[in-house]
>>> print(open('structure09.cif').read())   # mmCIF, C-alpha atoms
data_my_file
#
loop_
_atom_site.label_atom_id
_atom_site.label_comp_id
_atom_site.auth_asym_id
_atom_site.auth_seq_id
_atom_site.Cartn_x
_atom_site.Cartn_y
_atom_site.Cartn_z
CA PRO E 1 39.27 5.63 -22.52
CA VAL E 2 38.55 2.49 -20.51
CA GLU E 3 37.14 4.63 -17.71
CA ALA E 4 34.27 5.68 -19.97
CA PHE E 5 33.05 2.06 -20.04
CA THR E 6 33.75 1.10 -16.43
CA ALA E 7 32.71 4.21 -14.48
CA PRO E 8 29.31 4.18 -12.74
CA ALA E 9 26.48 6.05 -14.43
CA GLY E 10 26.49 9.79 -13.79
CA LEU E 11 22.68 10.04 -13.92
CA ALA E 12 20.11 7.83 -12.19
CA ASP E 13 16.48 7.36 -11.18
CA ALA E 14 14.67 9.95 -13.30
CA GLU E 15 11.05 10.33 -12.18
CA LEU E 16 8.13 12.51 -13.25
CA SER E 17 6.15 14.53 -10.71
CA ALA E 18 2.48 13.76 -10.02
CA THR E 19 1.10 15.70 -13.01
CA GLY E 20 4.21 15.40 -15.16
CA ALA E 21 4.95 19.12 -14.86
CA ALA E 22 8.50 18.46 -13.63
CA PHE E 23 11.03 15.66 -13.44
CA ALA E 24 13.81 14.91 -10.97
CA TYR E 25 16.94 12.79 -11.19
CA LEU E 26 20.15 12.12 -9.29
CA ARG E 27 23.50 13.24 -10.62
CA VAL E 28 26.65 11.89 -8.96
CA GLU E 29 29.43 14.50 -8.78
CA ASP E 30 32.68 13.70 -6.93
CA GLY E 31 30.94 11.00 -4.93
CA LYS E 32 28.07 13.29 -3.90
CA ALA E 33 24.43 12.82 -4.91
CA ILE E 34 22.88 15.99 -6.35
CA LEU E 35 19.08 15.89 -6.67
CA LYS E 36 18.12 18.03 -9.66
CA VAL E 37 14.69 19.15 -10.83
CA HIS E 38 13.72 20.44 -14.28
CA SER E 39 10.57 21.68 -15.98
CA SER E 40 9.14 19.05 -18.31
CA ASP E 41 7.93 21.64 -20.83
CA ASP E 42 11.20 23.42 -21.62
CA LEU E 43 13.82 21.42 -19.60
CA ARG E 44 14.56 24.56 -17.57
CA ALA E 45 16.43 23.84 -14.32
CA LEU E 46 14.16 24.54 -11.34
CA SER E 47 16.34 23.57 -8.39
CA ALA E 48 19.13 21.34 -7.12
CA VAL E 49 20.18 20.12 -3.68
CA ASP E 50 23.29 18.35 -2.41
CA LEU E 51 22.24 15.19 -0.53
CA GLY E 52 25.74 14.26 0.59
CA SER E 53 27.50 10.98 -0.14
CA ALA E 54 25.91 9.01 -2.97
CA ASP E 55 26.39 5.86 -0.88
CA ASP E 56 23.99 7.26 1.72
CA VAL E 57 21.02 7.94 -0.58
CA ASN E 58 18.53 5.06 -0.83
CA TRP E 59 15.74 6.48 -3.00
CA PHE E 60 13.55 9.48 -3.73
CA ARG E 61 9.96 9.88 -4.88
CA TRP E 62 7.59 12.73 -5.64
CA ALA E 63 4.77 13.88 -3.37
CA GLY E 64 2.73 16.11 -5.67
CA ASP E 65 4.54 18.54 -7.97
CA ASP E 66 6.45 20.58 -5.38
CA THR E 67 7.87 18.09 -2.86
CA LEU E 68 10.33 15.20 -3.05
CA LEU E 69 10.67 12.59 -0.33
CA VAL E 70 14.24 11.32 0.05
CA SER E 71 15.46 8.32 2.03
CA VAL E 72 18.99 8.67 3.41
CA MET E 73 21.26 6.66 5.69
CA LEU E 74 22.65 8.15 8.87
CA GLU E 75 25.23 6.79 11.31
CA GLN E 76 25.48 6.69 15.07
CA GLU E 77 28.49 5.51 16.99
CA ASN E 78 29.39 5.35 20.67
CA ASN E 79 31.47 3.14 22.94
CA ARG E 80 29.02 0.26 22.66
CA TYR E 81 27.94 0.08 19.03
CA HIS E 82 28.03 1.49 15.52
CA ALA E 83 24.75 1.63 13.60
CA ARG E 84 23.42 2.82 10.26
CA PHE E 85 19.74 3.72 10.06
CA SER E 86 17.41 5.18 7.44
CA ARG E 87 15.55 8.46 7.79
CA LEU E 88 13.28 10.57 5.58
CA MET E 89 13.82 14.08 4.29
CA ALA E 90 11.50 16.36 2.31
CA PHE E 91 12.79 18.75 -0.35
CA ASP E 92 10.52 21.71 -1.11
CA VAL E 93 11.24 22.50 -4.76
CA PRO E 94 9.88 26.10 -4.95
CA ARG E 95 11.50 27.12 -1.66
CA GLN E 96 14.61 24.95 -2.19
CA THR E 97 14.58 23.81 1.43
CA LEU E 98 15.48 20.39 2.80
CA ARG E 99 14.29 19.11 6.17
CA TYR E 100 13.80 15.87 8.09
CA VAL E 101 10.26 14.47 8.29
CA GLY E 102 8.68 11.45 9.93
CA LEU E 103 8.85 10.14 13.48
CA LYS E 104 11.61 9.05 15.81
CA GLN E 105 11.93 5.28 15.59
CA GLY E 106 14.30 2.34 15.18
CA ILE E 107 16.76 1.40 12.44
CA VAL E 108 14.21 1.53 9.58
CA GLY E 109 12.77 5.02 9.31
CA ASP E 110 11.67 5.15 5.67
CA ASP E 111 8.88 2.55 5.35
CA VAL E 112 6.49 4.76 3.34
CA ILE E 113 3.34 2.81 2.39
CA HIS E 114 1.42 5.63 0.66
CA VAL E 115 2.08 9.13 -0.70
CA ASP E 116 -0.74 11.56 -1.39
CA ARG E 117 -0.57 12.60 -5.05
CA ALA E 118 -1.41 16.20 -4.13
CA GLY E 119 1.63 16.22 -1.83
CA ARG E 120 -0.29 16.97 1.39
CA TYR E 121 0.83 13.96 3.43
CA PHE E 122 2.29 10.46 3.42
CA LEU E 123 1.70 7.30 5.46
CA LEU E 124 4.67 5.94 7.39
CA SER E 125 4.87 2.49 9.00
CA VAL E 126 6.64 3.02 12.32
CA ARG E 127 8.40 0.65 14.72
CA ARG E 128 9.35 2.37 17.94
CA ASP E 129 12.13 -0.21 18.33
CA GLN E 130 13.23 -3.34 16.52
CA THR E 131 11.10 -5.68 18.66
CA ALA E 132 7.86 -3.69 18.44
CA SER E 133 5.11 -4.29 15.90
CA PRO E 134 4.59 -1.40 13.48
CA GLU E 135 1.80 1.16 13.53
CA VAL E 136 0.90 3.53 10.68
CA TRP E 137 1.05 7.32 11.02
CA ARG E 138 -0.16 10.06 8.71
CA VAL E 139 2.60 12.68 8.41
CA SER E 140 1.78 16.16 7.07
CA LEU E 141 3.95 17.67 4.33
CA ASP E 142 2.76 21.22 5.01
CA HIS E 143 6.01 23.19 4.91
CA GLY E 144 4.64 25.84 7.23
CA GLU E 145 3.16 25.05 10.63
CA GLY E 146 2.08 21.55 9.61
CA ALA E 147 -0.30 19.36 11.57
CA GLU E 148 1.11 16.93 14.09
CA PRO E 149 1.50 13.32 12.90
CA GLU E 150 -1.69 11.32 13.37
CA ARG E 151 -1.81 7.58 14.06
CA VAL E 152 -4.22 5.95 11.61
CA GLN E 153 -3.50 2.28 12.35
CA GLU E 154 -2.55 0.87 15.72
CA LYS E 155 -0.34 -2.18 16.04
CA THR E 156 -2.57 -5.23 16.13
CA ARG E 157 -2.46 -9.02 15.97
CA GLY E 158 1.32 -8.97 15.73
CA VAL E 159 1.25 -7.63 12.15
CA ASP E 160 4.80 -7.05 10.88
CA ARG E 161 4.03 -5.15 7.67
CA TRP E 162 1.16 -2.99 6.39
CA TRP E 163 -0.17 -2.05 2.93
CA ALA E 164 -2.51 0.78 1.92
CA ASP E 165 -4.64 1.34 -1.17
CA ASN E 166 -4.38 4.28 -3.57
CA ALA E 167 -6.67 6.40 -1.35
CA GLY E 168 -4.38 5.98 1.66
CA VAL E 169 -6.56 3.47 3.55
CA VAL E 170 -4.64 0.72 5.34
CA ARG E 171 -6.15 -2.47 3.95
CA LEU E 172 -3.82 -5.42 4.49
CA GLY E 173 -1.34 -6.63 7.08
CA MET E 174 1.02 -9.60 7.34
CA ARG E 175 2.38 -11.35 10.39
CA PHE E 176 5.49 -13.42 9.72
CA SER E 177 6.29 -16.63 11.55
CA GLU E 178 9.74 -17.93 12.42
CA TYR E 179 8.62 -21.16 10.76
CA GLY E 180 8.50 -19.65 7.28
CA SER E 181 4.87 -18.65 6.91
CA ALA E 182 2.77 -15.48 6.88
CA ARG E 183 -0.70 -14.84 8.27
CA ILE E 184 -2.65 -12.33 6.20
CA TRP E 185 -5.25 -9.91 7.58
CA TYR E 186 -7.51 -7.85 5.31
CA ARG E 187 -10.42 -5.41 5.29
CA SER E 188 -12.47 -3.98 2.43
CA GLY E 189 -12.47 -0.37 3.60
CA PRO E 190 -12.07 2.12 6.46
CA GLY E 191 -13.98 1.46 9.65
CA GLU E 192 -14.14 -2.29 9.06
CA PRO E 193 -12.35 -4.81 11.28
CA PHE E 194 -9.44 -6.80 9.89
CA ARG E 195 -10.21 -10.46 9.17
CA LYS E 196 -7.72 -13.28 8.81
CA ILE E 197 -7.84 -14.38 5.18
CA THR E 198 -5.23 -17.08 4.87
CA ARG E 199 -1.88 -18.42 5.96
CA VAL E 200 0.81 -18.80 3.29
CA SER E 201 4.15 -20.56 3.35
CA THR E 202 6.90 -18.21 2.20
CA GLY E 203 8.32 -21.08 0.12
CA SER E 204 5.08 -21.77 -1.77
CA ASP E 205 3.93 -20.64 -5.21
CA ALA E 206 1.21 -18.55 -3.54
CA TRP E 207 3.82 -16.44 -1.76
CA SER E 208 4.96 -15.05 -5.13
CA TYR E 209 1.70 -13.11 -5.47
CA TRP E 210 0.92 -12.41 -1.80
CA ARG E 211 4.22 -10.70 -0.99
CA GLU E 212 3.38 -7.60 -3.05
CA PRO E 213 -0.42 -7.18 -2.99
CA SER E 214 -2.11 -4.48 -5.06
CA PHE E 215 -5.66 -3.25 -4.67
CA ARG E 216 -7.60 -0.07 -5.33
CA ALA E 217 -10.00 1.94 -3.23
CA GLY E 218 -13.60 0.72 -3.28
CA SER E 219 -12.79 -2.74 -4.63
CA ASP E 220 -11.78 -6.14 -3.28
CA LEU E 221 -10.60 -7.27 -6.72
CA GLY E 222 -6.90 -7.19 -7.54
CA TYR E 223 -4.41 -8.69 -9.98
CA VAL E 224 -1.45 -10.97 -9.33
CA MET E 225 1.24 -12.80 -11.23
CA ALA E 226 0.68 -16.54 -10.80
CA SER E 227 1.53 -19.80 -12.54
CA GLY E 228 -0.77 -20.67 -15.42
CA ASP E 229 -1.70 -24.08 -16.78
CA GLY E 230 1.25 -23.97 -19.18
CA GLY E 231 3.73 -23.31 -16.37
CA ARG E 232 4.36 -19.68 -17.35
CA ARG E 233 3.63 -16.66 -15.14
CA VAL E 234 0.29 -15.16 -16.12
CA LEU E 235 -1.88 -12.31 -14.87
CA ARG E 236 -4.87 -13.45 -12.82
CA GLU E 237 -7.62 -11.85 -10.79
CA ILE E 238 -7.68 -12.31 -7.01
CA ASP E 239 -10.51 -11.68 -4.55
CA TYR E 240 -8.81 -10.34 -1.44
CA ARG E 241 -11.89 -11.04 0.71
CA THR E 242 -11.36 -14.78 0.27
CA GLY E 243 -7.80 -14.99 -1.03
CA GLU E 244 -9.03 -17.03 -4.01
CA LEU E 245 -7.66 -16.65 -7.52
CA GLY E 246 -10.03 -15.86 -10.36
CA ARG E 247 -9.86 -15.85 -14.14
CA VAL E 248 -6.72 -15.47 -16.24
CA VAL E 249 -6.64 -11.88 -17.49
CA TYR E 250 -3.65 -12.21 -19.82
CA GLU E 251 -1.21 -14.93 -20.78
CA HIS E 252 1.62 -14.54 -23.28
CA PRO E 253 1.96 -17.60 -25.54
CA GLU E 254 5.76 -17.75 -25.19
CA TRP E 255 7.03 -15.72 -22.27
CA ASP E 256 6.59 -15.28 -18.52
CA LEU E 257 5.07 -11.97 -17.46
CA ASP E 258 7.32 -9.76 -15.31
CA ARG E 259 4.89 -7.30 -13.73
CA ALA E 260 1.68 -5.37 -14.19
CA VAL E 261 1.42 -1.63 -14.91
CA TYR E 262 -1.11 0.56 -13.07
CA ASP E 263 -2.02 4.23 -13.11
CA ALA E 264 -2.19 6.40 -9.98
CA SER E 265 -5.77 5.28 -9.24
CA GLY E 266 -4.78 1.61 -9.32
CA ARG E 267 -6.39 0.96 -12.73
CA LEU E 268 -4.73 -1.85 -14.68
CA LEU E 269 -3.05 -0.52 -17.85
CA GLY E 270 -0.81 -3.32 -19.13
CA VAL E 271 1.73 -6.05 -18.44
CA VAL E 272 5.48 -6.21 -19.00
CA TYR E 273 7.35 -9.24 -20.35
CA THR E 274 10.86 -9.77 -21.70
CA ASP E 275 11.93 -11.55 -24.88
CA ASP E 276 15.01 -9.94 -26.43
CA GLU E 277 14.18 -6.79 -24.49
CA PRO E 278 11.48 -5.56 -22.10
CA ARG E 279 8.13 -5.04 -23.82
CA THR E 280 4.68 -3.92 -22.68
CA HIS E 281 1.30 -5.28 -23.74
CA TRP E 282 -1.16 -2.42 -23.19
CA PHE E 283 -4.83 -3.05 -22.41
CA ASP E 284 -5.54 0.62 -23.09
CA GLY E 285 -5.72 1.10 -26.87
CA GLU E 286 -4.47 4.69 -26.79
CA LEU E 287 -1.41 3.73 -24.77
#
>>> encode(input="structure09.cif", output="C-alpha cells")
Amino acid sequence: PVEAFTAPAGLADAELSATGAAFAYLRVEDGKAILKVHSSDDLRALSAVDLGSADDVNWFRWAGDDTLLVSVMLEQENNRYHARFSRLMAFDVPRQTLRYVGLKQGIVGDDVIHVDRAGRYFLLSVRRDQTASPEVWRVSLDHGEGAEPERVQEKTRGVDRWWADNAGVVRLGMRFSEYGSARIWYRSGPGEPFRKITRVSTGSDAWSYWREPSFRAGSDLGYVMASGDGGRRVLREIDYRTGELGRVVYEHPEWDLDRAVYDASGRLLGVVYTDDEPRTHWFDGEL
C-alpha cells in the first residue's frame, strides 16, 4: 500500500553502548517514542521505556553501558506566556528507572558537552536564564545517593559556548558578537588560564572549521575540514594554541570531504566523503 512508502520510519537512532555490549534505538508506536535496549551478543531484549510523544524527544546517547541520557521537550503555560524547553533524563537500564537529571535553568537544558564513557558523570553547560553567560557543571550519574553537581567552569569573558576534550576538561570557549564574529578563548589543559586565540567572522571560510572544534587530552593539535589549494574540502592539522593551520593530512582527488571519524580517545581514524554514496577512507589498516 501507499502508506508503506509514505509513513515515517518506525525505527530510528540506533547507538552502541560504550563497550558495544548493548545497543539502543527508538521505536515509534502510536505516536509514542519507545526507547528499547538489546544485548549485542544475542539480540536479547534488556529493557524498554515509554518516553511519551515522539515529537517531544530530541535525542539520546549512552553514558557507559548501563545509562542512557535522553533530551526531551517540556511545556509550561500560564496567563502570560507559553514556552517549550528542553530537559535531561537518565534511564538506568538494569533497574529500568527513568528520572530527571541536570540543573534548573532556562529554555535550553540539554547542552551536554561531555559524557564520561564509564557512565559516572556528564558535563552540562548551564545558563541560569536566557541573558546569562553559561557555566559548566559536573553532574553525577550515580543512581543512588549521588554527589551534588559541581561547578567546574565559571562564566568568564562573556563566553557563550564551551567545549571540552575527551577527558572532560573544558578547553575552549566562544563569545559571539552581534556583528557576526566570534572571539575564541583556549587553554592547553586544566589549571591554565584561558587565552584569546583569534577572532573569526561567522561568514568567513575559517568559521567552517572553528564552529565545531575537536581536540584530545594532552595535545594542542587537532584536525579540521578546510579549503585546499584545489578548492575542495580537505583534512588539515590545526594548532589550537595559535589558531594556525598546518599540513594537509588527506585530500581526495575528486570529492570534498564531509567529516572526520574519531575513536573515544579522540584519535583520528578516517574521513568520510560522498560520491554515489557515503564512503570512508580509513587511516587504520585493520579498519
>>> closest_residue(input="structure09.cif", among="E:Arg211, E:Arg44, E:Lys155, E:Arg232", to="Pro134 in chain E", atoms="only C-alpha atoms")
E:Lys155
>>> resolve_selection(input="structure09.cif", expression="the PyMOL selection byres ((chain E and resi 25-33) around 7)", output="list of chain:residue names")
E:Gly10, E:Leu11, E:Ala12, E:Asp13, E:Ala14, E:Glu15, E:Phe23, E:Ala24, E:Ile34, E:Leu35, E:Lys36, E:Val37, E:Asp50, E:Leu51, E:Gly52, E:Ser53, E:Ala54
>>> resolve_selection(input="structure09.cif", expression="the PyMOL selection byres ((chain E and resi 269-280) around 9)", output="list in words")
Leu235, Tyr250, His252, Glu254, Trp255, Asp256, Leu257, Asp258, Arg259, Ala260, Val261, Tyr262, Asp263, Gly266, Arg267, Leu268, His281, Trp282, Phe283, Asp284 and Leu287 of chain E
>>> closest_residue(input="structure09.cif", among="E:Arg171, E:Arg87, E:Arg199, E:Arg138", to="Arg151 in chain E", atoms="all atoms listed in the file")
E:Arg138
>>> resolve_selection(input="structure09.cif", expression="the PyMOL selection byres ((chain E and resi 190-196) around 12)", output="PDB file with C-alpha atoms, in the frame of the given file")
ATOM      1  CA  VAL E 152      -4.220   5.950  11.610  1.00  0.00           C
ATOM      2  CA  GLN E 153      -3.500   2.280  12.350  1.00  0.00           C
ATOM      3  CA  GLU E 154      -2.550   0.870  15.720  1.00  0.00           C
ATOM      4  CA  LYS E 155      -0.340  -2.180  16.040  1.00  0.00           C
ATOM      5  CA  THR E 156      -2.570  -5.230  16.130  1.00  0.00           C
ATOM      6  CA  ARG E 157      -2.460  -9.020  15.970  1.00  0.00           C
ATOM      7  CA  VAL E 159       1.250  -7.630  12.150  1.00  0.00           C
ATOM      8  CA  TRP E 162       1.160  -2.990   6.390  1.00  0.00           C
ATOM      9  CA  ALA E 164      -2.510   0.780   1.920  1.00  0.00           C
ATOM     10  CA  ASP E 165      -4.640   1.340  -1.170  1.00  0.00           C
ATOM     11  CA  ALA E 167      -6.670   6.400  -1.350  1.00  0.00           C
ATOM     12  CA  GLY E 168      -4.380   5.980   1.660  1.00  0.00           C
ATOM     13  CA  VAL E 169      -6.560   3.470   3.550  1.00  0.00           C
ATOM     14  CA  VAL E 170      -4.640   0.720   5.340  1.00  0.00           C
ATOM     15  CA  ARG E 171      -6.150  -2.470   3.950  1.00  0.00           C
ATOM     16  CA  LEU E 172      -3.820  -5.420   4.490  1.00  0.00           C
ATOM     17  CA  GLY E 173      -1.340  -6.630   7.080  1.00  0.00           C
ATOM     18  CA  MET E 174       1.020  -9.600   7.340  1.00  0.00           C
ATOM     19  CA  ARG E 175       2.380 -11.350  10.390  1.00  0.00           C
ATOM     20  CA  ALA E 182       2.770 -15.480   6.880  1.00  0.00           C
ATOM     21  CA  ARG E 183      -0.700 -14.840   8.270  1.00  0.00           C
ATOM     22  CA  ILE E 184      -2.650 -12.330   6.200  1.00  0.00           C
ATOM     23  CA  TRP E 185      -5.250  -9.910   7.580  1.00  0.00           C
ATOM     24  CA  TYR E 186      -7.510  -7.850   5.310  1.00  0.00           C
ATOM     25  CA  ARG E 187     -10.420  -5.410   5.290  1.00  0.00           C
ATOM     26  CA  SER E 188     -12.470  -3.980   2.430  1.00  0.00           C
ATOM     27  CA  GLY E 189     -12.470  -0.370   3.600  1.00  0.00           C
ATOM     28  CA  ILE E 197      -7.840 -14.380   5.180  1.00  0.00           C
ATOM     29  CA  THR E 198      -5.230 -17.080   4.870  1.00  0.00           C
ATOM     30  CA  ARG E 199      -1.880 -18.420   5.960  1.00  0.00           C
ATOM     31  CA  VAL E 200       0.810 -18.800   3.290  1.00  0.00           C
ATOM     32  CA  ALA E 217     -10.000   1.940  -3.230  1.00  0.00           C
ATOM     33  CA  GLY E 218     -13.600   0.720  -3.280  1.00  0.00           C
ATOM     34  CA  TYR E 240      -8.810 -10.340  -1.440  1.00  0.00           C
ATOM     35  CA  ARG E 241     -11.890 -11.040   0.710  1.00  0.00           C
ATOM     36  CA  THR E 242     -11.360 -14.780   0.270  1.00  0.00           C
ATOM     37  CA  GLY E 243      -7.800 -14.990  -1.030  1.00  0.00           C
TER      38      GLY E 243
END
>>> atom_distance(input="structure09.cif", atom1="CA of Asp41 in chain E", atom2="CA of Ala22 in chain E")
7.9 Å
>>> residues_around(input="structure09.cif", residues="Ala147 in chain E", least_positions_apart="4", cutoff="12 Å", atoms="only C-alpha atoms", output="PyMOL selection string")
chain E and resi 120-121+138-143
>>> write_last_selection(input="structure09.cif", atoms="C-alpha atoms", output="short mmCIF file (atom, residue, chain, number, x, y, z; two decimals), in the frame of the given file")
data_model
loop_
_atom_site.label_atom_id
_atom_site.label_comp_id
_atom_site.auth_asym_id
_atom_site.auth_seq_id
_atom_site.Cartn_x
_atom_site.Cartn_y
_atom_site.Cartn_z
CA ARG E 120 -0.29 16.97 1.39
CA TYR E 121 0.83 13.96 3.43
CA ARG E 138 -0.16 10.06 8.71
CA VAL E 139 2.60 12.68 8.41
CA SER E 140 1.78 16.16 7.07
CA LEU E 141 3.95 17.67 4.33
CA ASP E 142 2.76 21.22 5.01
CA HIS E 143 6.01 23.19 4.91
#
>>> closest_residue(input="structure09.cif", among="E:Asp110, E:Asp116, E:Asp65, E:Glu251", to="Gly228 in chain E", atoms="all atoms listed in the file")
E:Glu251
>>> atom_distance(input="structure09.cif", atom1="CA of Asp220 in chain E", atom2="CA of Ala206 in chain E")
18.0 Å
>>> atom_distance(input="structure09.cif", atom1="CA of Trp62 in chain E", atom2="CA of Ala83 in chain E")
28.1 Å
>>> decode(input="structure09.cif", residues="range 26-35 of chain E", atoms="all heavy atoms", output="compact mmCIF listing (two decimals), in the first residue's frame")
# COMPACT_ATOMS: atom_id res chain seq x y z
N LEU E 26 15.19 3.92 19.07
CA LEU E 26 13.83 4.41 19.29
C LEU E 26 12.88 3.71 18.35
O LEU E 26 13.15 3.55 17.16
CB LEU E 26 13.76 5.92 19.04
CG LEU E 26 14.40 6.83 20.09
CD1 LEU E 26 14.32 8.28 19.62
CD2 LEU E 26 13.73 6.68 21.45
N ARG E 27 11.75 3.28 18.90
CA ARG E 27 10.68 2.73 18.08
C ARG E 27 9.44 3.59 18.31
O ARG E 27 9.06 3.86 19.46
CB ARG E 27 10.37 1.28 18.46
CG ARG E 27 9.27 0.66 17.59
CD ARG E 27 9.03 -0.80 17.90
NE ARG E 27 8.00 -1.37 17.06
CZ ARG E 27 8.22 -1.89 15.86
NH1 ARG E 27 9.44 -1.92 15.37
NH2 ARG E 27 7.23 -2.39 15.15
N VAL E 28 8.84 4.07 17.23
CA VAL E 28 7.65 4.91 17.32
C VAL E 28 6.41 4.03 17.21
O VAL E 28 6.21 3.34 16.20
CB VAL E 28 7.65 5.99 16.23
CG1 VAL E 28 6.39 6.85 16.34
CG2 VAL E 28 8.89 6.86 16.34
N GLU E 29 5.58 4.03 18.26
CA GLU E 29 4.36 3.22 18.30
C GLU E 29 3.20 4.12 18.68
O GLU E 29 3.18 4.68 19.78
CB GLU E 29 4.52 2.08 19.31
CG GLU E 29 5.66 1.13 18.99
CD GLU E 29 5.84 0.06 20.06
OE1 GLU E 29 5.11 0.11 21.07
OE2 GLU E 29 6.73 -0.81 19.88
N ASP E 30 2.26 4.30 17.76
CA ASP E 30 1.08 5.14 18.01
C ASP E 30 1.47 6.55 18.45
O ASP E 30 0.86 7.12 19.37
CB ASP E 30 0.17 4.49 19.05
CG ASP E 30 -0.39 3.15 18.60
OD1 ASP E 30 -0.65 3.01 17.39
OD2 ASP E 30 -0.54 2.25 19.45
N GLY E 31 2.50 7.09 17.81
CA GLY E 31 2.92 8.44 18.11
C GLY E 31 3.80 8.57 19.33
O GLY E 31 4.26 9.67 19.65
N LYS E 32 4.05 7.46 20.04
CA LYS E 32 4.90 7.50 21.23
C LYS E 32 6.29 6.94 20.91
O LYS E 32 6.43 6.03 20.10
CB LYS E 32 4.27 6.69 22.37
CG LYS E 32 3.00 7.30 22.93
CD LYS E 32 2.52 6.54 24.14
CE LYS E 32 1.30 7.22 24.77
NZ LYS E 32 0.84 6.49 25.98
N ALA E 33 7.30 7.52 21.56
CA ALA E 33 8.68 7.06 21.38
C ALA E 33 9.01 6.05 22.47
O ALA E 33 8.98 6.37 23.66
CB ALA E 33 9.64 8.24 21.44
N ILE E 34 9.33 4.84 22.07
CA ILE E 34 9.72 3.78 23.00
C ILE E 34 11.22 3.56 22.85
O ILE E 34 11.70 3.23 21.76
CB ILE E 34 8.98 2.46 22.72
CG1 ILE E 34 7.48 2.71 22.58
CG2 ILE E 34 9.28 1.45 23.83
CD1 ILE E 34 6.82 3.28 23.80
N LEU E 35 11.97 3.79 23.93
CA LEU E 35 13.42 3.56 23.91
C LEU E 35 13.67 2.12 24.30
O LEU E 35 13.34 1.70 25.41
CB LEU E 35 14.10 4.52 24.89
CG LEU E 35 15.62 4.45 24.97
CD1 LEU E 35 16.27 4.75 23.63
CD2 LEU E 35 16.14 5.40 26.03
